[in-house]
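One file, work19.cif, carrying mmCIF, C-alpha atoms, pLDDT in the B column; chains and numbers go by the auth columns:
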data_model
#
loop_
_atom_site.group_PDB
_atom_site.id
_atom_site.type_symbol
_atom_site.label_atom_id
_atom_site.label_comp_id
_atom_site.label_asym_id
_atom_site.label_seq_id
_atom_site.Cartn_x
_atom_site.Cartn_y
_atom_site.Cartn_z
_atom_site.B_iso_or_equiv
_atom_site.auth_seq_id
_atom_site.auth_asym_id
ATOM 1 C CA GLY A 1 183.800 72.006 56.464 52.00 1 A
ATOM 2 C CA LEU A 2 182.934 73.014 52.934 55.00 2 A
ATOM 3 C CA GLN A 3 183.479 76.612 51.921 56.00 3 A
ATOM 4 C CA LYS A 4 181.199 78.505 49.566 58.00 4 A
ATOM 5 C CA GLU A 5 184.004 80.244 47.689 62.00 5 A
ATOM 6 C CA GLY A 6 186.734 78.532 45.742 63.00 6 A
ATOM 7 C CA THR A 7 188.758 78.645 42.579 75.00 7 A
ATOM 8 C CA LEU A 8 189.170 76.722 39.350 85.00 8 A
ATOM 9 C CA ILE A 9 187.044 73.573 39.045 89.00 9 A
ATOM 10 C CA TRP A 10 185.414 74.143 42.457 90.00 10 A
ATOM 11 C CA GLU A 11 184.059 77.560 41.532 92.00 11 A
ATOM 12 C CA LEU A 12 183.115 76.406 38.043 93.00 12 A
ATOM 13 C CA SER A 13 181.110 73.563 39.553 94.00 13 A
ATOM 14 C CA GLU A 14 179.385 76.043 41.860 94.00 14 A
ATOM 15 C CA LYS A 15 178.403 78.305 38.948 94.00 15 A
ATOM 16 C CA ARG A 16 177.138 75.466 36.786 95.00 16 A
ATOM 17 C CA GLY A 17 175.413 73.895 39.785 95.00 17 A
ATOM 18 C CA LYS A 18 173.342 77.083 40.111 95.00 18 A
ATOM 19 C CA ASP A 19 172.616 77.090 36.361 95.00 19 A
ATOM 20 C CA PHE A 20 171.532 73.436 36.251 96.00 20 A
ATOM 21 C CA GLY A 21 169.913 73.083 39.683 96.00 21 A
ATOM 22 C CA THR A 22 172.532 70.607 40.884 95.00 22 A
ATOM 23 C CA LEU A 23 173.345 72.184 44.222 94.00 23 A
ATOM 24 C CA ASP A 24 173.436 69.875 47.209 94.00 24 A
ATOM 25 C CA THR A 25 171.121 70.478 50.165 92.00 25 A
ATOM 26 C CA THR A 26 174.256 71.355 52.176 90.00 26 A
ATOM 27 C CA GLY A 27 174.980 74.308 49.842 86.00 27 A
ATOM 28 C CA PRO A 28 177.794 73.455 47.428 92.00 28 A
ATOM 29 C CA SER A 29 177.217 71.667 44.127 95.00 29 A
ATOM 30 C CA LYS A 30 176.601 67.938 44.300 96.00 30 A
ATOM 31 C CA ALA A 31 179.738 67.386 42.226 96.00 31 A
ATOM 32 C CA ASN A 32 181.840 69.320 44.754 95.00 32 A
ATOM 33 C CA VAL A 33 180.338 67.480 47.718 96.00 33 A
ATOM 34 C CA GLY A 34 181.210 64.213 45.988 96.00 34 A
ATOM 35 C CA LEU A 35 184.712 65.478 45.189 95.00 35 A
ATOM 36 C CA VAL A 36 185.417 66.276 48.834 95.00 36 A
ATOM 37 C CA THR A 37 184.279 62.785 49.804 97.00 37 A
ATOM 38 C CA ASP A 38 186.444 61.217 47.090 97.00 38 A
ATOM 39 C CA PHE A 39 189.472 63.376 47.945 96.00 39 A
ATOM 40 C CA LYS A 40 189.256 62.245 51.574 97.00 40 A
ATOM 41 C CA SER A 41 188.806 58.611 50.557 97.00 41 A
ATOM 42 C CA GLY A 42 191.768 58.800 48.173 97.00 42 A
ATOM 43 C CA ARG A 43 193.908 60.497 50.818 97.00 43 A
ATOM 44 C CA ASP A 44 193.063 57.807 53.341 98.00 44 A
ATOM 45 C CA LYS A 45 193.872 55.018 50.883 97.00 45 A
ATOM 46 C CA ILE A 46 197.223 56.594 49.988 96.00 46 A
ATOM 47 C CA ILE A 47 198.117 57.085 53.662 97.00 47 A
ATOM 48 C CA ALA A 48 197.265 53.415 54.224 98.00 48 A
ATOM 49 C CA ALA A 49 199.553 52.500 51.272 97.00 49 A
ATOM 50 C CA ASP A 50 196.526 51.127 49.395 97.00 50 A
ATOM 51 C CA CYS A 51 197.529 52.409 45.970 95.00 51 A
ATOM 52 C CA ALA A 52 195.396 49.831 44.151 97.00 52 A
ATOM 53 C CA GLY A 53 192.386 51.002 46.175 97.00 53 A
ATOM 54 C CA ALA A 54 193.131 54.640 45.349 96.00 54 A
ATOM 55 C CA GLU A 55 193.082 54.101 41.579 96.00 55 A
ATOM 56 C CA PRO A 56 189.301 53.749 41.214 97.00 56 A
ATOM 57 C CA VAL A 57 188.867 56.798 43.463 97.00 57 A
ATOM 58 C CA ILE A 58 190.965 58.799 41.002 96.00 58 A
ATOM 59 C CA ASP A 59 188.638 57.661 38.209 95.00 59 A
ATOM 60 C CA ASP A 60 185.655 58.826 40.269 96.00 60 A
ATOM 61 C CA ILE A 61 187.335 62.204 40.851 96.00 61 A
ATOM 62 C CA ILE A 62 187.907 62.645 37.121 95.00 62 A
ATOM 63 C CA LYS A 63 184.249 61.857 36.425 94.00 63 A
ATOM 64 C CA LYS A 64 183.047 64.413 38.966 95.00 64 A
ATOM 65 C CA MET A 65 185.481 67.054 37.700 95.00 65 A
ATOM 66 C CA THR A 66 184.029 66.516 34.211 95.00 66 A
ATOM 67 C CA ILE A 67 180.465 67.369 35.264 96.00 67 A
ATOM 68 C CA PRO A 68 180.887 71.174 35.144 95.00 68 A
ATOM 69 C CA LEU A 69 182.672 70.851 31.780 95.00 69 A
ATOM 70 C CA ILE A 70 179.645 69.029 30.377 95.00 70 A
ATOM 71 C CA GLN A 71 177.304 71.602 31.909 96.00 71 A
ATOM 72 C CA GLY A 72 179.383 74.497 30.536 95.00 72 A
ATOM 73 C CA THR A 73 179.432 72.976 27.053 94.00 73 A
ATOM 74 C CA ILE A 74 175.654 72.560 27.114 93.00 74 A
ATOM 75 C CA LYS A 75 175.024 76.049 28.500 93.00 75 A
ATOM 76 C CA TYR A 76 177.156 77.935 26.032 91.00 76 A
ATOM 77 C CA ALA A 77 176.327 75.752 23.026 90.00 77 A
ATOM 78 C CA TRP A 78 172.667 76.576 23.686 89.00 78 A
ATOM 79 C CA LYS A 79 173.382 80.287 24.123 88.00 79 A
ATOM 80 C CA ALA A 80 175.494 80.345 20.929 86.00 80 A
ATOM 81 C CA ASP A 81 172.873 78.592 18.793 85.00 81 A
ATOM 82 C CA PRO A 82 171.072 81.183 16.626 83.00 82 A
ATOM 83 C CA ALA A 83 167.988 78.930 16.604 84.00 83 A
ATOM 84 C CA ASN A 84 167.509 79.527 20.343 81.00 84 A
ATOM 85 C CA ALA A 85 166.582 82.707 22.165 73.00 85 A
ATOM 86 C CA GLY A 86 170.150 82.918 23.477 73.00 86 A
ATOM 87 C CA ASP A 87 172.902 85.422 22.800 79.00 87 A
ATOM 88 C CA CYS A 88 173.111 84.637 19.063 83.00 88 A
ATOM 89 C CA SER A 89 169.438 84.711 18.016 80.00 89 A
ATOM 90 C CA ALA A 90 170.064 87.793 15.828 83.00 90 A
ATOM 91 C CA ASP A 91 173.416 86.577 14.495 81.00 91 A
ATOM 92 C CA ALA A 92 172.474 83.642 12.247 80.00 92 A
ATOM 93 C CA GLY A 93 174.878 83.370 9.340 82.00 93 A
ATOM 94 C CA LYS A 94 177.409 85.762 10.835 81.00 94 A
ATOM 95 C CA THR A 95 181.038 84.997 11.638 79.00 95 A
ATOM 96 C CA ALA A 96 183.043 85.674 14.781 76.00 96 A
ATOM 97 C CA LEU A 97 184.111 88.945 13.155 80.00 97 A
ATOM 98 C CA THR A 98 180.589 90.167 12.419 84.00 98 A
ATOM 99 C CA ALA A 99 178.486 88.658 15.228 84.00 99 A
ATOM 100 C CA SER A 100 177.567 90.535 18.393 86.00 100 A
ATOM 101 C CA ASP A 101 180.001 90.550 21.297 88.00 101 A
ATOM 102 C CA ASP A 102 177.625 88.491 23.459 86.00 102 A
ATOM 103 C CA CYS A 103 177.313 85.883 20.713 85.00 103 A
ATOM 104 C CA VAL A 104 181.069 85.658 20.234 88.00 104 A
ATOM 105 C CA LYS A 105 181.544 85.339 24.011 89.00 105 A
ATOM 106 C CA SER A 106 179.037 82.471 24.217 89.00 106 A
ATOM 107 C CA TRP A 107 180.570 80.721 21.207 88.00 107 A
ATOM 108 C CA THR A 108 184.110 80.974 22.579 91.00 108 A
ATOM 109 C CA GLU A 109 183.044 79.819 26.044 92.00 109 A
ATOM 110 C CA GLY A 110 181.254 76.869 24.470 92.00 110 A
ATOM 111 C CA TRP A 111 184.432 75.993 22.601 93.00 111 A
ATOM 112 C CA ALA A 112 186.591 76.368 25.705 93.00 112 A
ATOM 113 C CA PHE A 113 184.436 73.883 27.586 93.00 113 A
ATOM 114 C CA ALA A 114 184.129 71.562 24.596 94.00 114 A
ATOM 115 C CA ALA A 115 187.897 71.553 24.032 94.00 115 A
ATOM 116 C CA ALA A 116 188.341 70.193 27.547 94.00 116 A
ATOM 117 C CA LEU A 117 185.488 67.711 27.170 94.00 117 A
ATOM 118 C CA LEU A 118 185.848 66.397 23.614 95.00 118 A
ATOM 119 C CA PRO A 119 188.814 64.045 24.224 95.00 119 A
ATOM 120 C CA GLN A 120 186.895 62.240 26.983 94.00 120 A
ATOM 121 C CA LEU A 121 183.718 62.227 24.923 94.00 121 A
ATOM 122 C CA ASP A 122 185.635 60.819 21.945 96.00 122 A
ATOM 123 C CA GLN A 123 186.870 57.935 24.105 95.00 123 A
ATOM 124 C CA CYS A 124 183.266 57.109 25.003 94.00 124 A
ATOM 125 C CA ASP A 125 181.713 57.635 21.583 96.00 125 A
ATOM 126 C CA PRO A 126 183.626 59.204 18.664 96.00 126 A
ATOM 127 C CA GLU A 127 180.414 59.808 16.714 97.00 127 A
ATOM 128 C CA VAL A 128 178.871 61.827 19.542 95.00 128 A
ATOM 129 C CA ALA A 129 182.090 63.812 19.948 94.00 129 A
ATOM 130 C CA SER A 130 181.984 64.587 16.227 95.00 130 A
ATOM 131 C CA VAL A 131 178.366 65.808 16.478 93.00 131 A
ATOM 132 C CA VAL A 132 179.225 68.109 19.406 91.00 132 A
ATOM 133 C CA ARG A 133 182.257 69.475 17.559 92.00 133 A
ATOM 134 C CA HIS A 134 180.269 69.993 14.332 90.00 134 A
ATOM 135 C CA ASN A 135 177.413 71.727 16.146 85.00 135 A
ATOM 136 C CA LEU A 136 179.789 74.206 17.780 85.00 136 A
ATOM 137 C CA ASP A 137 181.423 75.098 14.439 80.00 137 A
#

Would you kindly transcribe this structure into structure tokens?
Amino acid sequence: GLQKEGTLIWELSEKRGKDFGTLDTTGPSKANVGLVTDFKSGRDKIIAADCAGAEPVIDDIIKKMTIPLIQGTIKYAWKADPANAGDCSADAGKTALTASDDCVKSWTEGWAFAAALLPQLDQCDPEVASVVRHNLD
């Protein structure tokens, strides 16, 4: 069965699932439920020596593993935007050296998520990737 605790992308998906209301009715995030299904499908295809059939499953796994990266980028970009009532609302015009600790934390977390996401986003739409990058600067 599915466990509630995990590490790395599993736990990240759980945290962002709570933030974005994307938990499955069975408990874990919808992305994680889908990952377990895909992992089992991929395993079964590999065991059956169906490598060609496993390839699209890998693509589906990558898509689902990207969901919490998108959610994390959105969450922390919003929190780091001085125009919002997030962690940086009192830090407009300040730098990482002069902004509050909470603002700097949100900004760096936004960048950490974006750094993982931007290459994929650039493949889909370079202009959108540029906007995300510019807005986090």

Would you pick out the contacts of Val57 (chain A) at 12 Å or less, using only C-alpha atoms, so that residues sharing its chain but fewer than 5 positions from it are not included, and give the list as a PDB file with C-alpha atoms, in the frame of the given file?
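File produced: selection.pdb:
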ATOM      1  CA  GLY A  34     181.210  64.213  45.988  1.00 96.00           C
ATOM      2  CA  LEU A  35     184.712  65.478  45.189  1.00 95.00           C
ATOM      3  CA  VAL A  36     185.417  66.276  48.834  1.00 95.00           C
ATOM      4  CA  THR A  37     184.279  62.785  49.804  1.00 97.00           C
ATOM      5  CA  ASP A  38     186.444  61.217  47.090  1.00 97.00           C
ATOM      6  CA  PHE A  39     189.472  63.376  47.945  1.00 96.00           C
ATOM      7  CA  LYS A  40     189.256  62.245  51.574  1.00 97.00           C
ATOM      8  CA  SER A  41     188.806  58.611  50.557  1.00 97.00           C
ATOM      9  CA  GLY A  42     191.768  58.800  48.173  1.00 97.00           C
ATOM     10  CA  ARG A  43     193.908  60.497  50.818  1.00 97.00           C
ATOM     11  CA  ASP A  44     193.063  57.807  53.341  1.00 98.00           C
ATOM     12  CA  LYS A  45     193.872  55.018  50.883  1.00 97.00           C
ATOM     13  CA  ILE A  46     197.223  56.594  49.988  1.00 96.00           C
ATOM     14  CA  ASP A  50     196.526  51.127  49.395  1.00 97.00           C
ATOM     15  CA  CYS A  51     197.529  52.409  45.970  1.00 95.00           C
ATOM     16  CA  ALA A  52     195.396  49.831  44.151  1.00 97.00           C
ATOM     17  CA  ILE A  62     187.907  62.645  37.121  1.00 95.00           C
ATOM     18  CA  LYS A  63     184.249  61.857  36.425  1.00 94.00           C
ATOM     19  CA  LYS A  64     183.047  64.413  38.966  1.00 95.00           C
TER      20      LYS A  64
END

Could you jot down the CA of Ser106 (chain A) to CA of Ala83 (chain A) separation for me, Å, one decimal place?
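Going from CA of Ser106 (chain A) over to CA of Ala83 (chain A), I get 13.9 Å.
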
Residue neighbourhood region 93-99 of chain A, 12 Å, all atoms listed in the file, exclusion window fewer than 2 positions, as a PyMOL selection string:
chain A and resi 80-83+87-91+101-108+137

Go ahead and save the residues from that selection, with C-alpha atoms, as a compact mmCIF listing (two decimals), in the frame of the given file.
# COMPACT_ATOMS: atom_id res chain seq x y z
CA ALA A 80 175.49 80.34 20.93
CA ASP A 81 172.87 78.59 18.79
CA PRO A 82 171.07 81.18 16.63
CA ALA A 83 167.99 78.93 16.60
CA ASP A 87 172.90 85.42 22.80
CA CYS A 88 173.11 84.64 19.06
CA SER A 89 169.44 84.71 18.02
CA ALA A 90 170.06 87.79 15.83
CA ASP A 91 173.42 86.58 14.50
CA ASP A 101 180.00 90.55 21.30
CA ASP A 102 177.62 88.49 23.46
CA CYS A 103 177.31 85.88 20.71
CA VAL A 104 181.07 85.66 20.23
CA LYS A 105 181.54 85.34 24.01
CA SER A 106 179.04 82.47 24.22
CA TRP A 107 180.57 80.72 21.21
CA THR A 108 184.11 80.97 22.58
CA ASP A 137 181.42 75.10 14.44

At a cut-off of 10 Å, using all atoms listed in the file, what residues contact region 111-121 of chain A? Leave out same-chain residues fewer than 3 positions from it and give the result as an MDAnalysis selection string.
chainID A and resid 63 66:77 105:108 124:130 132:133 136:137

Interatomic distance (Å, one decimal) between CA of Leu12 (chain A) and CA of Val33 (chain A):
13.5 Å

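Between CA of Ala92 (chain A) and CA of Trp78 (chain A) the separation is 13.4 Å.
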
Might I get the box with edges along x, y and z of the file that holds all atoms of region 18-32 of chain A listed there, padded by 4 Å on every side, given as centre and edge lengths in Å to one decimal, as JSON?
{"center_x": 175.9, "center_y": 72.2, "center_z": 44.2, "size_x": 19.9, "size_y": 17.7, "size_z": 23.9}

What lies within 7 Å of Ser13 (chain A) using only C-alpha atoms, ignoring chain neighbours under 3 positions off, as a PDB file with C-alpha atoms, in the coordinates of the input?
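The resulting file, around.pdb, is reproduced below:
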ATOM      1  CA  ILE A   9     187.044  73.573  39.045  1.00 89.00           C
ATOM      2  CA  TRP A  10     185.414  74.143  42.457  1.00 90.00           C
ATOM      3  CA  ARG A  16     177.138  75.466  36.786  1.00 95.00           C
ATOM      4  CA  GLY A  17     175.413  73.895  39.785  1.00 95.00           C
ATOM      5  CA  SER A  29     177.217  71.667  44.127  1.00 95.00           C
ATOM      6  CA  ALA A  31     179.738  67.386  42.226  1.00 96.00           C
ATOM      7  CA  ASN A  32     181.840  69.320  44.754  1.00 95.00           C
ATOM      8  CA  PRO A  68     180.887  71.174  35.144  1.00 95.00           C
TER       9      PRO A  68
END
